[in-house]
Every structure is written in structure tokens, then in C-alpha cells.
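File shown: coords.cif (mmCIF, C-alpha atoms).
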data_data
loop_
_atom_site.label_atom_id
_atom_site.label_comp_id
_atom_site.auth_asym_id
_atom_site.auth_seq_id
_atom_site.Cartn_x
_atom_site.Cartn_y
_atom_site.Cartn_z
CA MET B 27 0.00 0.00 0.00
CA ASN B 28 1.39 3.38 -1.04
CA ASN B 29 0.65 6.40 1.14
CA TYR B 30 1.59 9.98 0.27
CA SER B 31 0.90 12.87 2.62
CA VAL B 32 -0.58 16.02 1.09
CA TYR B 33 0.41 19.29 2.74
CA MET B 34 -0.83 22.78 1.96
CA GLU B 35 0.89 25.94 3.10
CA ILE B 36 -1.54 28.24 4.90
CA MET B 37 -0.30 31.63 6.12
CA GLY B 38 3.26 30.43 5.70
CA THR B 39 2.83 27.20 7.67
CA PRO B 40 2.52 23.76 6.02
CA GLN B 41 -0.53 21.84 7.23
CA MET B 42 -1.32 18.25 6.43
CA VAL B 43 -4.67 18.20 4.65
CA GLY B 44 -4.94 14.52 3.80
CA SER B 45 -3.32 11.65 1.95
CA ILE B 46 -3.32 9.76 -1.32
CA TYR B 47 -3.32 6.03 -0.73
CA GLY B 48 -3.74 2.84 -2.72
CA ASN B 49 -1.86 -0.02 -4.32
CA GLY B 50 -1.26 1.92 -7.54
CA ILE B 51 -2.72 4.37 -10.04
CA SER B 52 -5.70 2.10 -10.68
CA ASP B 53 -7.08 2.44 -7.15
CA ALA B 54 -5.29 5.42 -5.55
CA VAL B 55 -7.69 7.84 -3.84
CA PHE B 56 -7.37 11.10 -1.95
CA GLN B 57 -8.99 11.64 1.43
CA TYR B 58 -8.97 14.64 3.76
CA SER B 59 -7.69 13.88 7.25
CA ARG B 60 -10.16 14.10 10.11
CA GLU B 61 -7.85 16.53 11.91
CA TYR B 62 -7.89 18.87 8.94
CA ILE B 63 -11.66 18.64 8.49
CA ASN B 64 -12.15 19.61 12.15
CA SER B 65 -9.62 22.46 12.05
CA GLU B 66 -10.47 26.15 11.66
CA ASN B 67 -8.65 26.32 8.33
CA SER B 68 -10.37 23.40 6.62
CA PHE B 69 -10.76 24.89 3.16
CA PRO B 70 -10.94 22.59 0.10
CA ILE B 71 -7.78 22.20 -1.98
CA SER B 72 -9.94 22.33 -5.11
CA VAL B 73 -13.41 23.28 -6.27
CA SER B 74 -13.58 19.71 -7.57
CA LEU B 75 -12.57 18.25 -4.18
CA PRO B 76 -14.93 19.77 -1.58
CA ILE B 77 -14.39 18.98 2.08
CA SER B 78 -15.67 15.48 2.81
CA ASP B 79 -14.89 12.68 5.24
CA LYS B 80 -15.17 10.15 2.41
CA PRO B 81 -12.38 9.32 -0.05
CA PHE B 82 -12.69 10.71 -3.56
CA THR B 83 -12.81 8.36 -6.51
CA GLN B 84 -9.73 7.24 -8.39
CA LYS B 85 -10.81 9.38 -11.35
CA GLU B 86 -11.39 12.51 -9.24
CA THR B 87 -8.05 12.02 -7.48
CA LYS B 88 -6.09 11.52 -10.69
CA SER B 89 -7.71 14.45 -12.51
CA PHE B 90 -6.61 16.90 -9.84
CA PHE B 91 -3.20 15.60 -8.76
CA GLU B 92 -1.96 14.62 -12.22
CA GLY B 93 -2.65 18.25 -13.14
CA LEU B 94 0.29 19.26 -10.92
CA LEU B 95 2.81 17.43 -13.11
CA PRO B 96 4.85 18.51 -16.12
CA GLU B 97 3.75 17.10 -19.45
CA GLY B 98 5.33 15.94 -22.69
CA PHE B 99 9.10 15.47 -22.90
CA SER B 100 9.73 16.48 -19.29
CA ARG B 101 7.32 13.89 -17.94
CA LYS B 102 8.73 11.15 -20.16
CA SER B 103 12.26 12.00 -19.07
CA VAL B 104 11.43 12.01 -15.37
CA ALA B 105 9.61 8.67 -15.72
CA SER B 106 12.63 7.20 -17.47
CA TRP B 107 15.06 8.43 -14.80
CA ILE B 108 13.03 7.02 -11.91
CA LYS B 109 12.38 3.84 -13.92
CA THR B 110 8.60 3.97 -14.02
CA ASP B 111 5.92 4.19 -16.67
CA GLU B 112 5.00 7.75 -17.66
CA GLU B 113 1.35 6.91 -16.83
CA ASP B 114 2.38 6.29 -13.20
CA TYR B 115 1.54 9.81 -12.04
CA LEU B 116 1.88 8.86 -8.36
CA SER B 117 5.53 7.82 -8.60
CA ILE B 118 6.34 10.95 -10.61
CA LEU B 119 4.44 13.09 -8.12
CA ALA B 120 6.36 11.47 -5.27
CA ALA B 121 9.62 12.39 -7.02
CA LEU B 122 8.65 15.98 -7.84
CA GLY B 123 6.00 16.99 -5.32
CA ARG B 124 8.06 19.10 -2.89
CA GLU B 125 7.53 22.29 -4.91
CA CYS B 126 4.35 22.30 -7.00
CA LEU B 127 2.45 25.14 -8.56
CA GLY B 128 0.40 26.70 -5.78
CA ALA B 129 0.74 25.76 -2.10
CA LEU B 130 0.60 21.97 -2.18
CA MET B 131 3.43 19.61 -1.29
CA ILE B 132 3.25 15.84 -1.70
CA VAL B 133 5.74 14.00 0.47
CA GLN B 134 6.40 10.62 2.05
CA GLU B 135 6.55 10.70 5.83
CA ASP B 136 10.12 9.44 6.12
CA GLU B 137 11.52 12.24 3.95
CA LYS B 138 13.98 14.54 5.65
CA GLU B 139 15.83 16.98 3.49
CA GLU B 140 17.72 20.20 4.12
CA SER B 141 16.34 23.28 2.39
CA GLY B 142 18.51 25.98 0.91
CA TYR B 143 19.44 28.14 -2.06
CA LYS B 144 22.44 27.48 -4.29
CA LEU B 145 23.89 30.45 -6.14
CA LEU B 146 23.92 30.07 -9.93
CA THR B 147 26.75 31.58 -11.93
CA ILE B 148 25.98 33.29 -15.23
CA ASP B 149 27.61 30.29 -16.93
CA LYS B 150 25.04 27.99 -15.30
CA VAL B 151 22.22 30.27 -16.42
CA ARG B 152 23.68 30.25 -19.94
CA GLU B 153 23.85 26.45 -19.81
CA LEU B 154 20.20 26.35 -18.88
CA ALA B 155 19.38 28.52 -21.90
CA SER B 156 21.43 26.56 -24.40
CA GLU B 157 20.48 23.02 -23.38
CA GLY B 158 16.74 23.54 -23.38
CA ALA B 159 14.25 21.00 -22.03
CA THR B 160 16.88 18.34 -21.33
CA ARG B 161 18.69 20.48 -18.77
CA SER B 162 15.48 21.89 -17.27
CA THR B 163 14.10 18.38 -16.78
CA GLN B 164 17.33 17.34 -15.04
CA ILE B 165 16.88 20.28 -12.67
CA LEU B 166 13.28 19.22 -12.03
CA MET B 167 14.65 15.90 -10.82
CA GLU B 168 17.51 17.37 -8.79
CA THR B 169 15.29 19.85 -6.98
CA HIS B 170 12.03 17.86 -6.83
CA LEU B 171 10.10 20.61 -8.62
CA SER B 172 6.76 19.88 -10.24
CA LEU B 173 5.85 22.60 -12.72
CA ALA B 174 2.84 21.79 -14.89
CA GLY B 175 2.90 22.29 -18.63
CA ALA B 176 4.59 20.91 -21.72
CA SER B 177 7.46 23.39 -22.20
CA GLY B 178 10.87 23.07 -20.55
CA LYS B 179 10.85 25.15 -17.38
CA VAL B 180 12.38 25.33 -13.91
CA GLY B 181 11.62 27.11 -10.67
CA LEU B 182 14.40 29.44 -9.53
CA TYR B 183 14.85 32.09 -6.86
CA TYR B 184 15.75 35.59 -8.03
CA ASP B 185 17.17 38.22 -5.69
CA GLU B 186 16.17 41.41 -7.51
CA ASP B 187 18.25 43.71 -5.29
CA LYS B 188 21.47 41.85 -6.10
CA ASP B 189 20.46 40.59 -9.57
CA LYS B 190 21.42 37.03 -8.64
CA TRP B 191 19.79 33.68 -9.41
CA TYR B 192 19.60 30.71 -7.03
CA LEU B 193 18.58 27.10 -7.37
CA PRO B 194 16.14 26.03 -4.60
CA GLU B 195 17.04 22.85 -2.79
CA GLY B 196 14.89 20.63 -0.58
CA LYS B 197 11.60 22.35 0.22
CA ALA B 198 12.84 25.91 -0.35
CA PRO B 199 10.29 27.74 -2.53
CA SER B 200 11.15 29.37 -5.84
CA ASN B 201 9.82 32.80 -6.79
CA TYR B 202 10.33 32.73 -10.58
CA ILE B 203 9.54 30.26 -13.36
CA VAL B 204 12.19 30.25 -16.07
CA LYS B 205 11.52 28.79 -19.52
CA GLN B 206 13.85 28.06 -22.42
CA SER B 207 13.45 28.77 -26.10
CA HIS B 208 11.77 26.08 -28.18
CA VAL B 209 14.07 24.24 -30.56
CA ARG B 210 11.53 24.36 -33.40
CA LEU B 211 9.71 27.65 -32.76
CA SER B 212 11.98 30.62 -33.43
CA SER B 213 11.85 33.72 -31.23
CA ILE B 214 9.31 32.15 -28.88
CA VAL B 215 10.79 33.89 -25.82
CA LEU B 216 10.52 37.24 -27.60
CA ASN B 217 7.02 36.27 -28.73
CA GLU B 218 5.82 35.63 -25.17
CA GLU B 219 7.37 38.79 -23.76
CA LEU B 220 5.84 40.89 -26.55
CA CYS B 221 2.39 39.34 -26.06
CA MET B 222 2.54 39.73 -22.27
CA LEU B 223 3.56 43.38 -22.53
CA THR B 224 0.76 43.97 -25.03
CA ALA B 225 -1.75 42.38 -22.66
CA LYS B 226 -0.57 44.62 -19.84
CA GLU B 227 -0.99 47.70 -22.05
CA LEU B 228 -4.61 46.64 -22.60
CA GLY B 229 -5.39 46.53 -18.89
CA ILE B 230 -4.92 42.79 -18.35
CA GLU B 231 -3.24 41.80 -15.10
CA THR B 232 0.00 39.96 -15.81
CA PRO B 233 2.88 38.85 -13.59
CA LYS B 234 6.19 40.64 -13.90
CA CYS B 235 8.24 38.98 -16.63
CA PHE B 236 11.41 39.68 -18.55
CA ILE B 237 13.96 38.17 -20.90
CA ILE B 238 17.27 36.91 -19.53
CA ASN B 239 19.80 37.52 -22.30
CA THR B 240 23.00 35.55 -21.62
CA GLY B 241 24.62 36.49 -24.96
CA THR B 242 23.65 38.35 -28.11
CA GLY B 243 19.93 37.59 -28.08
CA LEU B 244 19.98 34.38 -30.12
CA ASP B 245 17.33 31.82 -29.21
CA SER B 246 19.98 29.58 -27.65
CA GLU B 247 21.07 32.44 -25.38
CA VAL B 248 17.79 33.71 -23.95
CA LEU B 249 15.42 32.58 -21.20
CA PHE B 250 11.98 33.83 -20.23
CA ALA B 251 11.51 34.63 -16.54
CA THR B 252 8.08 35.06 -14.93
CA ASN B 253 7.56 36.21 -11.37
CA ARG B 254 5.40 33.63 -9.61
CA TYR B 255 2.10 35.22 -8.63
CA ASP B 256 1.59 32.23 -6.30
CA ARG B 257 4.59 33.33 -4.22
CA ILE B 258 4.70 36.49 -2.10
CA ILE B 259 7.29 37.90 0.26
CA SER B 260 5.35 38.73 3.42
CA SER B 261 7.53 37.69 6.31
CA GLU B 262 11.08 38.05 7.59
CA LYS B 263 11.77 34.32 7.51
CA LYS B 264 15.05 33.63 5.74
CA ILE B 265 16.98 30.71 4.30
CA ASP B 266 20.64 31.27 3.45
CA GLY B 267 20.10 34.99 3.98
CA LEU B 268 17.26 35.19 1.43
CA LYS B 269 13.68 36.08 2.31
CA VAL B 270 11.44 33.05 1.94
CA PRO B 271 8.22 33.53 -0.05
CA TYR B 272 4.83 32.39 1.19
CA ARG B 273 3.16 29.86 -1.06
CA LEU B 274 -0.29 30.88 -2.28
CA HIS B 275 -2.66 28.17 -3.37
CA GLN B 276 -3.89 28.03 -6.94
CA GLU B 277 -5.60 25.60 -9.28
CA ASP B 278 -6.14 25.76 -13.01
CA PHE B 279 -9.62 25.47 -14.47
CA ALA B 280 -9.05 21.89 -15.62
CA GLN B 281 -8.45 20.93 -11.99
CA ALA B 282 -11.37 23.03 -10.75
CA MET B 283 -13.72 21.38 -13.27
CA GLY B 284 -12.36 17.88 -12.61
CA ILE B 285 -11.14 17.51 -16.19
CA PRO B 286 -7.98 15.45 -16.88
CA SER B 287 -5.01 17.24 -18.43
CA SER B 288 -5.37 15.00 -21.46
CA GLN B 289 -8.71 16.72 -22.19
CA LYS B 290 -7.53 20.31 -21.74
CA TYR B 291 -8.30 21.09 -25.40
CA GLU B 292 -12.00 21.34 -26.23
CA THR B 293 -12.02 19.48 -29.56
CA LYS B 294 -15.79 18.90 -29.41
CA LYS B 295 -18.08 21.41 -27.81
CA LYS B 296 -18.50 20.50 -24.13
CA GLY B 297 -19.28 23.89 -22.60
CA TYR B 298 -15.85 24.61 -21.13
CA LEU B 299 -16.31 28.38 -21.33
CA SER B 300 -19.71 28.43 -19.64
CA ARG B 301 -18.48 26.11 -16.87
CA MET B 302 -15.54 28.44 -16.16
CA PHE B 303 -17.92 31.35 -15.63
CA GLU B 304 -20.22 29.26 -13.45
CA ILE B 305 -17.28 28.57 -11.13
CA ILE B 306 -16.39 32.25 -10.97
CA ARG B 307 -19.96 33.22 -10.07
CA GLU B 308 -20.20 30.57 -7.36
CA TYR B 309 -16.78 30.74 -5.72
CA THR B 310 -14.96 34.05 -6.25
CA SER B 311 -15.10 37.00 -3.89
CA ASP B 312 -16.10 39.52 -6.59
CA PRO B 313 -18.05 37.53 -9.19
CA ILE B 314 -18.84 40.48 -11.45
CA GLY B 315 -15.31 41.87 -11.50
CA GLU B 316 -13.69 38.44 -11.92
CA GLN B 317 -15.99 37.55 -14.82
CA MET B 318 -14.96 40.73 -16.61
CA LYS B 319 -11.32 39.92 -15.92
CA LEU B 320 -11.56 36.44 -17.42
CA TRP B 321 -13.58 37.64 -20.41
CA ARG B 322 -10.97 40.25 -21.26
CA ILE B 323 -8.21 37.60 -21.22
CA ILE B 324 -10.27 35.27 -23.45
CA CYS B 325 -10.91 38.09 -25.95
CA PHE B 326 -7.21 38.97 -25.98
CA ASN B 327 -6.10 35.37 -26.54
CA TYR B 328 -8.25 35.21 -29.67
CA LEU B 329 -7.18 38.60 -30.98
CA ILE B 330 -3.45 37.98 -30.38
CA GLY B 331 -3.68 34.57 -32.07
CA ASN B 332 -3.05 32.28 -29.09
CA GLY B 333 -4.23 28.83 -30.09
CA ASP B 334 -2.84 27.28 -26.89
CA ALA B 335 -5.14 29.06 -24.43
CA HIS B 336 -6.59 25.83 -23.04
CA ILE B 337 -8.25 25.44 -19.65
CA LYS B 338 -4.95 24.71 -17.88
CA ASN B 339 -3.72 28.13 -18.98
CA TYR B 340 -6.42 29.89 -16.95
CA SER B 341 -6.26 29.60 -13.16
CA LEU B 342 -7.84 30.54 -9.85
CA LEU B 343 -5.70 32.09 -7.12
CA TYR B 344 -6.45 31.86 -3.39
CA SER B 345 -5.53 34.37 -0.70
CA GLU B 346 -3.04 33.48 2.06
CA ASN B 347 -5.83 32.37 4.41
CA LEU B 348 -7.75 30.67 1.55
CA LYS B 349 -10.85 32.78 2.19
CA ARG B 350 -10.69 34.75 -1.09
CA MET B 351 -10.50 33.42 -4.62
CA THR B 352 -9.74 35.47 -7.73
CA VAL B 353 -8.92 34.82 -11.38
CA ALA B 354 -5.14 34.52 -11.58
CA PRO B 355 -3.10 36.95 -13.69
CA ALA B 356 -2.78 36.02 -17.37
CA TYR B 357 0.14 33.74 -18.26
CA ASP B 358 1.52 31.58 -21.09
CA ILE B 359 0.30 34.00 -23.76
CA ILE B 360 1.96 33.44 -27.12
CA CYS B 361 0.88 34.15 -30.69
CA THR B 362 0.89 30.54 -31.87
CA ARG B 363 -0.57 31.60 -35.21
CA CYS B 364 2.89 32.95 -36.10
CA TYR B 365 4.03 29.35 -36.44
CA ASN B 366 0.94 28.04 -38.28
CA LEU B 367 0.60 25.40 -35.57
CA ARG B 368 -3.17 25.13 -35.65
CA ASP B 369 -6.17 26.95 -37.06
CA GLU B 370 -8.22 26.29 -33.94
CA MET B 371 -8.46 27.91 -30.55
CA SER B 372 -8.36 25.62 -27.53
CA MET B 373 -12.00 26.19 -26.60
CA PHE B 374 -15.15 27.06 -28.49
CA ILE B 375 -16.26 30.67 -28.87
CA GLY B 376 -19.98 30.26 -29.41
CA ASP B 377 -20.28 27.51 -32.00
CA ASP B 378 -16.91 28.28 -33.60
CA ILE B 379 -13.36 27.20 -32.80
CA ASN B 380 -11.49 27.95 -36.03
CA PHE B 381 -9.71 31.32 -36.04
CA ARG B 382 -10.91 31.94 -39.59
CA HIS B 383 -14.55 31.39 -38.65
CA ILE B 384 -14.71 33.21 -35.33
CA LYS B 385 -16.21 36.69 -35.66
CA ARG B 386 -17.52 39.39 -33.37
CA SER B 387 -20.89 37.61 -33.57
CA SER B 388 -19.24 34.46 -32.16
CA PHE B 389 -18.37 36.41 -29.02
CA ILE B 390 -22.01 37.55 -28.73
CA GLU B 391 -23.06 33.90 -28.63
CA ALA B 392 -20.24 33.03 -26.20
CA ALA B 393 -21.28 35.86 -23.89
CA LYS B 394 -24.81 34.43 -23.68
CA GLU B 395 -23.41 31.01 -22.81
CA ALA B 396 -21.15 32.57 -20.17
CA GLY B 397 -24.06 34.45 -18.60
CA LEU B 398 -22.72 37.88 -19.53
CA THR B 399 -24.78 40.76 -20.88
CA GLU B 400 -24.15 41.39 -24.57
CA ARG B 401 -23.53 45.10 -24.03
CA ILE B 402 -20.77 44.67 -21.45
CA ALA B 403 -19.18 41.69 -23.22
CA LEU B 404 -18.98 43.54 -26.55
CA ARG B 405 -17.69 46.69 -24.90
CA ILE B 406 -14.75 44.74 -23.50
CA PHE B 407 -14.17 42.89 -26.78
CA ASP B 408 -14.18 46.15 -28.74
CA GLU B 409 -11.84 47.84 -26.25
CA VAL B 410 -9.30 45.07 -26.69
CA ALA B 411 -9.73 44.87 -30.47
CA ASP B 412 -9.58 48.63 -31.02
CA GLY B 413 -6.53 49.03 -28.79
CA LEU B 414 -4.56 45.97 -29.90
CA GLU B 415 -2.45 47.50 -32.66
CA LYS B 416 -1.48 50.54 -30.58
CA ALA B 417 -0.68 48.37 -27.55
CA LEU B 418 1.41 46.00 -29.67
CA GLU B 419 3.34 48.93 -31.11
CA LYS B 420 4.04 50.35 -27.65
CA ALA B 421 5.12 46.94 -26.34
CA SER B 422 7.49 46.45 -29.27
CA GLU B 423 9.08 49.85 -28.64
CA LEU B 424 9.66 48.94 -25.01
CA LEU B 425 11.26 45.66 -26.04
CA LYS B 426 13.71 47.35 -28.39
CA GLU B 427 15.62 48.45 -25.30
CA THR B 428 16.70 44.79 -24.89
CA GLU B 429 18.52 44.98 -28.26
CA ILE B 430 17.19 41.54 -29.19
CA PRO B 431 16.79 41.28 -32.96
CA GLY B 432 13.56 40.59 -34.87
CA ILE B 433 11.03 42.66 -32.89
CA ASP B 434 9.44 44.52 -35.83
CA LYS B 435 9.27 41.36 -37.92
CA LEU B 436 7.53 39.50 -35.09
CA LYS B 437 5.11 42.38 -34.46
CA ASN B 438 4.06 42.42 -38.13
CA ASN B 439 3.76 38.65 -38.16
CA ILE B 440 1.36 38.79 -35.20
CA LEU B 441 -0.82 41.39 -36.90
CA GLU B 442 -0.93 39.36 -40.11
CA SER B 443 -1.66 35.97 -38.54
CA SER B 444 -3.74 36.57 -35.39
CA GLY B 445 -7.50 36.63 -34.89
CA TYR B 446 -7.32 40.41 -35.24
CA ARG B 447 -6.98 40.12 -39.03
CA TYR B 448 -10.30 38.25 -39.37
CA LEU B 449 -12.47 40.99 -37.87
#

Would you mind writing the structure in this file as C-alpha cells?
Amino acid sequence: MNNYSVYMEIMGTPQMVGSIYGNGISDAVFQYSREYINSENSFPISVSLPISDKPFTQKETKSFFEGLLPEGFSRKSVASWIKTDEEDYLSILAALGRECLGALMIVQEDEKEESGYKLLTIDKVRELASEGATRSTQILMETHLSLAGASGKVGLYYDEDKDKWYLPEGKAPSNYIVKQSHVRLSSIVLNEELCMLTAKELGIETPKCFIINTGTGLDSEVLFATNRYDRIISSEKKIDGLKVPYRLHQEDFAQAMGIPSSQKYETKKKGYLSRMFEIIREYTSDPIGEQMKLWRIICFNYLIGNGDAHIKNYSLLYSENLKRMTVAPAYDIICTRCYNLRDEMSMFIGDDINFRHIKRSSFIEAAKEAGLTERIALRIFDEVADGLEKALEKASELLKETEIPGIDKLKNNILESSGYRYL
């Protein structure tokens, strides 16, 4: 019988919330502990896993906890290194679960490990940039980090005052997610920074992000760093002289809706968009404001040409005491249309999913399904559409200060390939 303890950090203190137990992935279930249920801070770890004294089903357990893991090449590599099948999400979670997205930690009771921060030289940062997903996956294993998603990424600690990078060890939390360039998709780091800056110009909340240029700006020499919105510095606790961030809990909408990561793309209409808005109305602290926030991000993802805006790329963020829930800042925004990867969005807008078929009228239909008034929904859509070109121009001018080549070419490519051109 396998037994993994599930901890959640609440107000800076890890609390055991329950355990995952079973003989293997076919019968493993999660159950809240009686002590946690009876405590003052017994908030659910997911919308899809409400407080209960009964164990959740194998399917419910897998849908949520597998959503904490990296996907694609990184998952295959980790499975190979620990000599397990890549479908064995429990063994991979046991290897990587000390530092997940959000505030959860999955550990085995006999684990005892020193926590600390190891200074990275610029050569090590450059190595991370040049070796791509292979090196980042090795770091995932070395540091037991579990960062969901398919791209090569690692969690690092950045001391902004001293402009120094550190590798977290043990259970020390990171405060930045760092991603490498894609070997087949040119200028993808520049693409993401440009899209994120454009989103910010249009009034969309985004985390602080920037390009780490370890050379002359070539793809093999740049990394994309994003400040973790699920980490905040709010205490004087230190490790190795560095202030330790609090972990804030979060879950993506796939986890909140109980949908497996394998079904994150809505290939047939299943009402993903309307279900997202139902959750916001029922669970967030400011339902009206949070609905507007999510709608603006959805409109922007279409207009900028992001065909990878699936339900794992929208999240809910909890406050330190878990009593407030908001829509998380926008992240993972890239103009995928620049690479002709797919003609479809990742969820239906009304009855349409193909970029070429989606029109302003599609958003009218989507607004009805989401429970939004047509007037407000179209006002937001038109604000984003009317301001996109100006915001993109301003973002590109800001990026020219980095002296990374190809900004104007990329900007024009976005305008020519994104949903904006089909209006």
C-alpha cells in the first residue's frame, strides 16, 4: 500500500490536509484527514474536491493531482530516470512533489531533506538557456520541482536587489519560473514577452516577466523569466540569507472542473467556457469583476492569435488564508498563429473554434453562454480589439531596449496571422 501525505501551506505554515493512498494508479484515492476537516482552516484544496470525510474516486483524485505534473518530454524523461511508466503519475508526483504550482506539497513521511538556495553563476544560467528541455528536466529531478505544462521550465529564486539567481534545494520555494526557447519555434521567448507586454498595455493583469539575455539575443542564449504570482514575500523568515516567499494556493480550471489534463483542449463542444464562468460566479469574492477579468483575457487570446489558451492556462488564485478566490493573472500568452501550428483555438467561442470562422458575432453567442450581458461583453471585446495595434506597437518599442533582434518582424507577423486580421 502506497501512502503519500498532502500538505498545503496556509499563512506560511505547512498543514497536512490529507493523503493519497492505494496499491497503484488504478485504485489510488485522496482523502482529507479528520484533523484537517475539524480544524479552523479546513478549506478545500480544489473546487472539484470539496471537504468530505469520504475518499474521492480514483478518477477525481487523478484528474486533480496529475494536473500538478509537467507534461510531454519532461514527464517522459522524469519517468525514465526514476524507472517507471510515464502513466504512473503517483511515482512521478512522489519524485517531484516538494515544490508544486500553488501551495501543495506531496511527500512521504520518512523524507527529511535540508532546504537551501544554491547560487547560480551566469555560466550555469547560460547552460540552462542553451540546453533547453533536457537540462530543465534534469533540474526538475535534482530539486524535486513539479511545474505543470509541456514546455521546458524550472523554478528558480531571483534576488532582484542583487540581480542574482539561485537554485532552490529541498523544500525551499522558488519565486520565478524560467523557460527556455523552443528548438523548433523561433523567437518564442521574444514572442511571449511581446504578447505579455501587449496584454498589460490593454489593462490585463499579468505577472512581472522579462527576458534573460545571456549572450547576443539568439534563441539559444535567452530565457523567459516570470515572477510567480503564487509566491509572495510577506515575512522576515530567511533561508541562506534570502527572504522566503509564502506559497499561495492556486488551481487551473481543468483541476477546478475535474477535467484530466489530457482533455484540456475542447475538440468537441463541451461547454468549457460556460463552466468556467459558473465557477467564478459561485466561488470568487467579486463575481462580477472576476468575470470581466476572465472575459478580457479570453478576448485577448483570440485577438493575439493564441491557439494554446486551453483550460490549464487559466487559473484561480487563493488568498493566504484561503478565504478569497480570484482569477489569476494572465500567463503563457503566445501568438501561436505565427508558427501556423493550428487553425483552432483551444475552446469554443460560441459555435466556432477555427480562427478563420470566429467573428464578433461568435463572441455575442459566447457571452450568452457565459451568462454575460451582450452590451458589457462587446464593450470589453471592442476595447481590446480597437486598442490591440497601438498596444502591440508600444510593447514592441519597449522591447527594443533589450537589443534583441527581430522585434518589428515579429510584431508584423502577429498582426498578419492573429484573430485580429479576421475581424

Find the residues around segment 392-405 of chain B up to 12 Å (all atoms listed in the file counted), leave out those fewer than 3 positions away in its own chain, and share them as a PyMOL selection string. chain B and resi 295-307+313-325+373-379+384-389+408-412

Pick out the residues sitting within 12 Å of Glu112 of chain B, and hand them over as a list in words; count all atoms listed in the file, and ignore anything fewer than 4 positions along from it in its own chain.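 With the cut-off at 12 Å, the set is Ile51, Glu92, Leu95, Pro96, Glu97, Gly98, Phe99, Ser100, Arg101, Lys102, Ser103, Val104, Ala105, Ser106, Trp107, Ile108, Leu116, Ser117, Ile118 and Leu119 of chain B.
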
Go through the shown structure with the PyMOL selection byres ((chain B and resi 180) around 6) and write out the matching residues as a PyMOL selection string. chain B and resi 162+179+181+203-204

Dump C-alpha atoms for the selected residues as a compact mmCIF listing (two decimals), keeping the file's coordinate frame?
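In the end it all went to again05.txt:
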# COMPACT_ATOMS: atom_id res chain seq x y z
CA SER B 162 15.48 21.89 -17.27
CA LYS B 179 10.85 25.15 -17.38
CA GLY B 181 11.62 27.11 -10.67
CA ILE B 203 9.54 30.26 -13.36
CA VAL B 204 12.19 30.25 -16.07

Find the distance between atom CA of Leu223 of chain B and atom CA of Thr252 of chain B and write it in Å to one decimal.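 Rounded to one decimal, the two atoms are 12.1 Å apart.
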
Any chance you could resolve the PyMOL selection byres ((chain B and resi 182-187) around 8) against this file and give the residues as a list in words?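 Selected by the PyMOL selection byres ((chain B and resi 182-187) around 8) in this file: Tyr143, Val180, Gly181, Lys188, Asp189, Lys190, Trp191, Tyr192, Leu193, Pro194, Pro199, Ser200, Asn201, Tyr202, Ile203, Val204 and Leu268 of chain B.
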
Find the residue from B:Gly44, B:Glu195, B:Val32, B:Ile337 that sits nearest to Gly142 of chain B; use all atoms listed in the file when measuring.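 For Gly142 of chain B, the nearest of the given residues is B:Glu195.
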
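In this comparison, which uses all atoms listed in the file, the residue of B:Asn347, B:Ser68, B:Asn217, B:Asn380 approaching Ser422 of chain B most closely is B:Asn217.
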
For a test of reading the model, state the distance in Å between atom CA of Leu436 of chain B and atom CA of Ser213 of chain B, rounded to one decimal.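 Atom CA of Ser213 of chain B lies at a distance of 8.2 Å from atom CA of Leu436 of chain B.
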
For the provided coordinates, the residues matched by the PyMOL selection byres ((chain B and resi 345) around 10) should be stated as a ChimeraX atom specification. /B:36-37,256,273-276,343-344,346-352

Taking 5 positions as the minimum chain separation for residues in the same chain, which residues sit within 12 Å of Cys361 of chain B when counting all atoms listed in the file? Answer as a PyMOL selection string. chain B and resi 211-222+224-225+326-335+366-369+371+418+436-446

Of the candidates B:Val43, B:Leu130, B:Leu244, B:Val73, which shows the shortest atom-to-atom distance to Gly432 of chain B, using all atoms listed in the file? B:Leu244

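Near Ile63 of chain B, within 12 Å and counting all atoms listed in the file, sit Gln41, Met42, Val43, Gly44, Gln57, Phe69, Pro70, Ile71, Pro76, Ile77, Ser78, Asp79 and Lys80 of chain B, not including residues fewer than 6 positions from it in the same chain.
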
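Closest approach to Gly267 of chain B among B:Lys144, B:Leu75, B:Phe381, B:Ser31 is made by B:Lys144 (distances from all atoms listed in the file).
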
Residue with the minimum atom-to-atom distance to Ile285 of chain B, picked from B:Gly93, B:Pro233, B:Pro355, B:Pro271 with all atoms listed in the file counted, is B:Gly93

So how far away is atom CA of Ile258 of chain B from atom CA of Ile238 of chain B, in Å?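 Separation between atom CA of Ile238 of chain B and atom CA of Ile258 of chain B: 21.5 Å.
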